[in-house]
Amino acid sequence: MAFANYLVDLIRRITPSFGSQLSHITTYTRELPINLDRMYENAIDWEHLPFLHSSTFSEIDVLESGDWGWKANAFLTPKSTFNSMLLELRLDRNKNRWITKTLAGFGKGTEIWTHAIPLGPNKIKVIVDFYVPKLPAFLKAKYAGQYNALYAQLYDEDLWMMARRQAQLNKLDKAKTTAPETTKVLGKLGELKAQLPFTFEFNHQTYRLVELADTLVAHTLSCPHMLGPLQDADVQGGILVCPWHGYQFDLKTRKCISGQRCKLAPAPLIRIDTDKMEVIALINNR
Ligand code: FES
Ligand SMILES: [Fe+2]
């Protein structure tokens, strides 16, 4: 299938062009319950493509990036020599839009123009226009259907990330304005052990209690990079992998072991009251 798509695209690319011939294929629109900051942050975040959108992108190698956008070599999923692309995304905040161009490779010449219109403090509308040069008329409906289905999926995935990140930022703001808890009884030792891994809230943050080498320890469920969720990570090997950009953390040392400069935030200390057989979380000022 990937090869068939590649052949169709190759024929399109080598077809002689007369004039500009950049045809408008379709428009995808959607209202999203997030603000423009989250949307722009997402647009220039090249790093999430092969992780959050792993069923669409298998790899990305960035060449340049900044507040203006990014330029990168990318591969679709599954990775093959037929689906490599040189992509460029340029964000223009003054015009509320970003343009993604395929500069080379599969889909060369394609331009995707996205406008984001604020509708309220936490509501925007995105309007995405797809242009493909030299596309034969009989393929227009097929491409339109594929782009609409693909963008519905990509925005489902992006919305999950943007909404969760905003909720985490709101919790951090709330924590700044309320007096911190210093201790919290999590429950009876026997009952908690039967419920591991056990998730709990402490000072407006979410943590998880796990057992490592016969010792109960807590770890944060917020990634230090962009507050991604760590709850689905497998703790058996003591390694947490964030689903948003793939950063990996050693549970014991809290260090990032995938090369980025960040570290898990300290979690509450865990003590056992042996008289009451209760597990207690204590504020950690390290
Ligand atoms: S939020 Fe980016 S790796 Fe976790
Ligand atoms: Fe995305």
# chains A, B, ... in the order shown; residues from 1 in each chain; ligands from 1
call {"tool": "residues_around", "arguments": {"residues": "Glu59 of chain A", "least_positions_apart": "6", "cutoff": "9 Å", "atoms": "only C-alpha atoms", "output": "short mmCIF file (atom, residue, chain, number, x, y, z; two decimals) with C-alpha atoms, in the first residue's frame"}}
result
data_model
loop_
_atom_site.label_atom_id
_atom_site.label_comp_id
_atom_site.auth_asym_id
_atom_site.auth_seq_id
_atom_site.Cartn_x
_atom_site.Cartn_y
_atom_site.Cartn_z
CA LEU A 49 5.42 13.60 16.00
CA PRO A 50 6.90 10.06 16.24
CA PHE A 51 5.63 9.53 19.81
CA ASN A 73 13.43 15.05 7.72
CA ALA A 74 10.54 12.77 8.65
CA PHE A 75 9.35 9.26 7.84
CA LEU A 76 5.78 8.03 7.83
CA THR A 77 4.80 4.80 9.61
CA LYS A 79 9.35 3.64 8.01
#
call {"tool": "residues_near_ligand", "arguments": {"ligand": "ligand 1", "cutoff": "8 Å", "atoms": "only C-alpha atoms and all ligand atoms", "output": "PyMOL selection string"}}
result
chain A and resi 48+222-230+241-248
call {"tool": "write_last_selection", "arguments": {"atoms": "C-alpha atoms", "output": "mmCIF file, in the first residue's frame"}}
result
data_model
loop_
_atom_site.group_PDB
_atom_site.id
_atom_site.type_symbol
_atom_site.label_atom_id
_atom_site.label_comp_id
_atom_site.auth_asym_id
_atom_site.auth_seq_id
_atom_site.Cartn_x
_atom_site.Cartn_y
_atom_site.Cartn_z
ATOM 1 C CA HIS A 48 6.089 14.856 19.533
ATOM 2 C CA SER A 222 4.115 14.498 35.598
ATOM 3 C CA CYS A 223 6.949 14.558 33.112
ATOM 4 C CA PRO A 224 9.426 17.405 33.764
ATOM 5 C CA HIS A 225 9.606 18.221 30.050
ATOM 6 C CA MET A 226 6.050 19.428 29.310
ATOM 7 C CA LEU A 227 4.064 17.779 32.107
ATOM 8 C CA GLY A 228 3.217 14.660 30.116
ATOM 9 C CA PRO A 229 1.513 11.719 31.843
ATOM 10 C CA LEU A 230 3.722 8.988 33.262
ATOM 11 C CA VAL A 241 8.819 6.439 29.363
ATOM 12 C CA CYS A 242 6.751 9.517 28.583
ATOM 13 C CA PRO A 243 4.264 8.958 25.722
ATOM 14 C CA TRP A 244 4.450 12.550 24.454
ATOM 15 C CA HIS A 245 8.099 12.863 23.378
ATOM 16 C CA GLY A 246 9.602 9.574 24.527
ATOM 17 C CA TYR A 247 11.902 10.904 27.270
ATOM 18 C CA GLN A 248 12.956 8.109 29.624
#
call {"tool": "residues_near_ligand", "arguments": {"ligand": "ligand 2", "cutoff": "7 Å", "atoms": "only C-alpha atoms and all ligand atoms", "output": "list of chain:residue names"}}
result
A:Asn42, A:Ala43, A:His48, A:Leu49, A:His53, A:Leu154, A:Tyr155, A:Glu157, A:Asp158
call {"tool": "write_last_selection", "arguments": {"atoms": "N, CA and C atoms", "output": "PDB file, in the first residue's frame"}}
result
ATOM      1  N   ASN A  42       2.043  23.554  20.348  1.00  0.00           N
ATOM      2  CA  ASN A  42       1.917  22.244  19.706  1.00  0.00           C
ATOM      3  C   ASN A  42       2.437  22.287  18.270  1.00  0.00           C
ATOM      4  N   ALA A  43       2.133  23.385  17.559  1.00  0.00           N
ATOM      5  CA  ALA A  43       2.531  23.465  16.145  1.00  0.00           C
ATOM      6  C   ALA A  43       4.054  23.436  16.001  1.00  0.00           C
ATOM      7  N   HIS A  48       7.155  15.799  19.143  1.00  0.00           N
ATOM      8  CA  HIS A  48       6.089  14.856  19.533  1.00  0.00           C
ATOM      9  C   HIS A  48       5.624  13.964  18.377  1.00  0.00           C
ATOM     10  N   LEU A  49       6.010  14.318  17.148  1.00  0.00           N
ATOM     11  CA  LEU A  49       5.416  13.603  16.001  1.00  0.00           C
ATOM     12  C   LEU A  49       5.579  12.078  16.065  1.00  0.00           C
ATOM     13  N   HIS A  53       2.087  10.856  17.769  1.00  0.00           N
ATOM     14  CA  HIS A  53       1.468  10.461  16.490  1.00  0.00           C
ATOM     15  C   HIS A  53       2.226   9.269  15.896  1.00  0.00           C
ATOM     16  N   LEU A 154      -5.088  13.148  14.072  1.00  0.00           N
ATOM     17  CA  LEU A 154      -3.981  13.941  14.629  1.00  0.00           C
ATOM     18  C   LEU A 154      -4.495  14.948  15.665  1.00  0.00           C
ATOM     19  N   TYR A 155      -5.641  15.583  15.375  1.00  0.00           N
ATOM     20  CA  TYR A 155      -6.171  16.557  16.348  1.00  0.00           C
ATOM     21  C   TYR A 155      -6.755  15.869  17.577  1.00  0.00           C
ATOM     22  N   GLU A 157      -5.378  13.307  18.960  1.00  0.00           N
ATOM     23  CA  GLU A 157      -4.157  13.037  19.737  1.00  0.00           C
ATOM     24  C   GLU A 157      -3.591  14.338  20.319  1.00  0.00           C
ATOM     25  N   ASP A 158      -3.564  15.392  19.482  1.00  0.00           N
ATOM     26  CA  ASP A 158      -3.033  16.676  19.968  1.00  0.00           C
ATOM     27  C   ASP A 158      -3.902  17.256  21.079  1.00  0.00           C
TER      28      ASP A 158
END
call {"tool": "select_by_dssp", "arguments": {"residues": "segment 43-224 of chain A", "states": "strand (DSSP E or B)", "output": "VMD selection string"}}
result
chain A and resid 57 to 66 69 to 76 84 to 92 97 to 105 111 to 120 123 to 133 183 to 188 198 to 202 205 to 212 215 to 220 222
call {"tool": "select_by_dssp", "arguments": {"residues": "segment 48-118 of chain A", "states": "helix (DSSP H, G or I)", "output": "ChimeraX atom specification"}}
result
/A:48-52,81-83,93-95
call {"tool": "closest_atom_pairs", "arguments": {"of": "segment 117-192 of chain A", "to": "segment 208-220 of chain A", "cutoff": "12 Å", "atoms": "only C-alpha atoms", "output": "Markdown table"}}
result
| residue | atom | partner | partner_atom | distance |
| --- | --- | --- | --- | --- |
| A:Leu186 | CA | A:Leu209 | CA | 9.5 |
| A:Gly187 | CA | A:Leu209 | CA | 11.5 |
| A:Leu189 | CA | A:Leu216 | CA | 9.9 |
| A:Leu192 | CA | A:Leu209 | CA | 8.8 |
call {"tool": "write_last_selection", "arguments": {"atoms": "N, CA, C and O atoms", "output": "PDB file, in the first residue's frame"}}
result
ATOM      1  N   LEU A 186      -1.973   7.941  53.666  1.00  0.00           N
ATOM      2  CA  LEU A 186      -2.454   7.357  52.403  1.00  0.00           C
ATOM      3  C   LEU A 186      -3.371   6.158  52.628  1.00  0.00           C
ATOM      4  O   LEU A 186      -4.200   5.841  51.777  1.00  0.00           O
ATOM      5  N   GLY A 187      -3.215   5.489  53.786  1.00  0.00           N
ATOM      6  CA  GLY A 187      -4.088   4.344  54.074  1.00  0.00           C
ATOM      7  C   GLY A 187      -3.357   3.282  54.866  1.00  0.00           C
ATOM      8  O   GLY A 187      -2.190   3.447  55.248  1.00  0.00           O
ATOM      9  N   LEU A 189      -1.402  -0.081  55.565  1.00  0.00           N
ATOM     10  CA  LEU A 189      -0.334  -0.734  54.807  1.00  0.00           C
ATOM     11  C   LEU A 189      -0.843  -1.925  53.992  1.00  0.00           C
ATOM     12  O   LEU A 189      -0.590  -2.020  52.788  1.00  0.00           O
ATOM     13  N   LEU A 192      -3.176  -0.871  51.113  1.00  0.00           N
ATOM     14  CA  LEU A 192      -2.469  -0.167  50.029  1.00  0.00           C
ATOM     15  C   LEU A 192      -1.626  -1.124  49.196  1.00  0.00           C
ATOM     16  O   LEU A 192      -1.592  -1.037  47.971  1.00  0.00           O
TER      17      LEU A 192
END
call {"tool": "closest_atom_pairs", "arguments": {"of": "segment 64-125 of chain A", "to": "segment 8-29 of chain A", "cutoff": "10 Å", "atoms": "only C-alpha atoms", "output": "tab-separated table"}}
result
residue	atom	partner	partner_atom	distance
A:Phe82	CA	A:Leu10	CA	9.7
A:Gly105	CA	A:Leu10	CA	9.0
A:Phe106	CA	A:Asp9	CA	6.7
A:Gly107	CA	A:Asp9	CA	6.3
A:Lys108	CA	A:Arg13	CA	6.9
A:Gly109	CA	A:Arg13	CA	8.1
A:Thr110	CA	A:Leu22	CA	8.2
A:Glu111	CA	A:Leu22	CA	8.6
A:Ile112	CA	A:Thr27	CA	9.6
A:Trp113	CA	A:Thr27	CA	9.5
A:Thr114	CA	A:Tyr28	CA	9.2
A:His115	CA	A:Thr29	CA	9.5
A:Ala116	CA	A:Thr29	CA	9.7
A:Lys125	CA	A:Thr29	CA	7.0
call {"tool": "closest_residue", "arguments": {"among": "A:Tyr6, A:Val128, A:Leu135, A:Met277", "to": "Asn148 of chain A", "atoms": "only C-alpha atoms"}}
result
A:Val128
call {"tool": "closest_residue", "arguments": {"among": "A:Arg261, A:Phe57, A:Glu41, A:Lys134", "to": "Trp98 of chain A", "atoms": "only C-alpha atoms"}}
result
A:Glu41
call {"tool": "atom_distance", "arguments": {"atom1": "atom CA of Pro118 of chain A", "atom2": "atom CA of Gly69 of chain A"}}
result
20.1 Å
call {"tool": "closest_residue", "arguments": {"among": "A:Phe3, A:Ala163, A:Gln231, A:Leu86", "to": "Lys123 of chain A", "atoms": "only C-alpha atoms"}}
result
A:Ala163
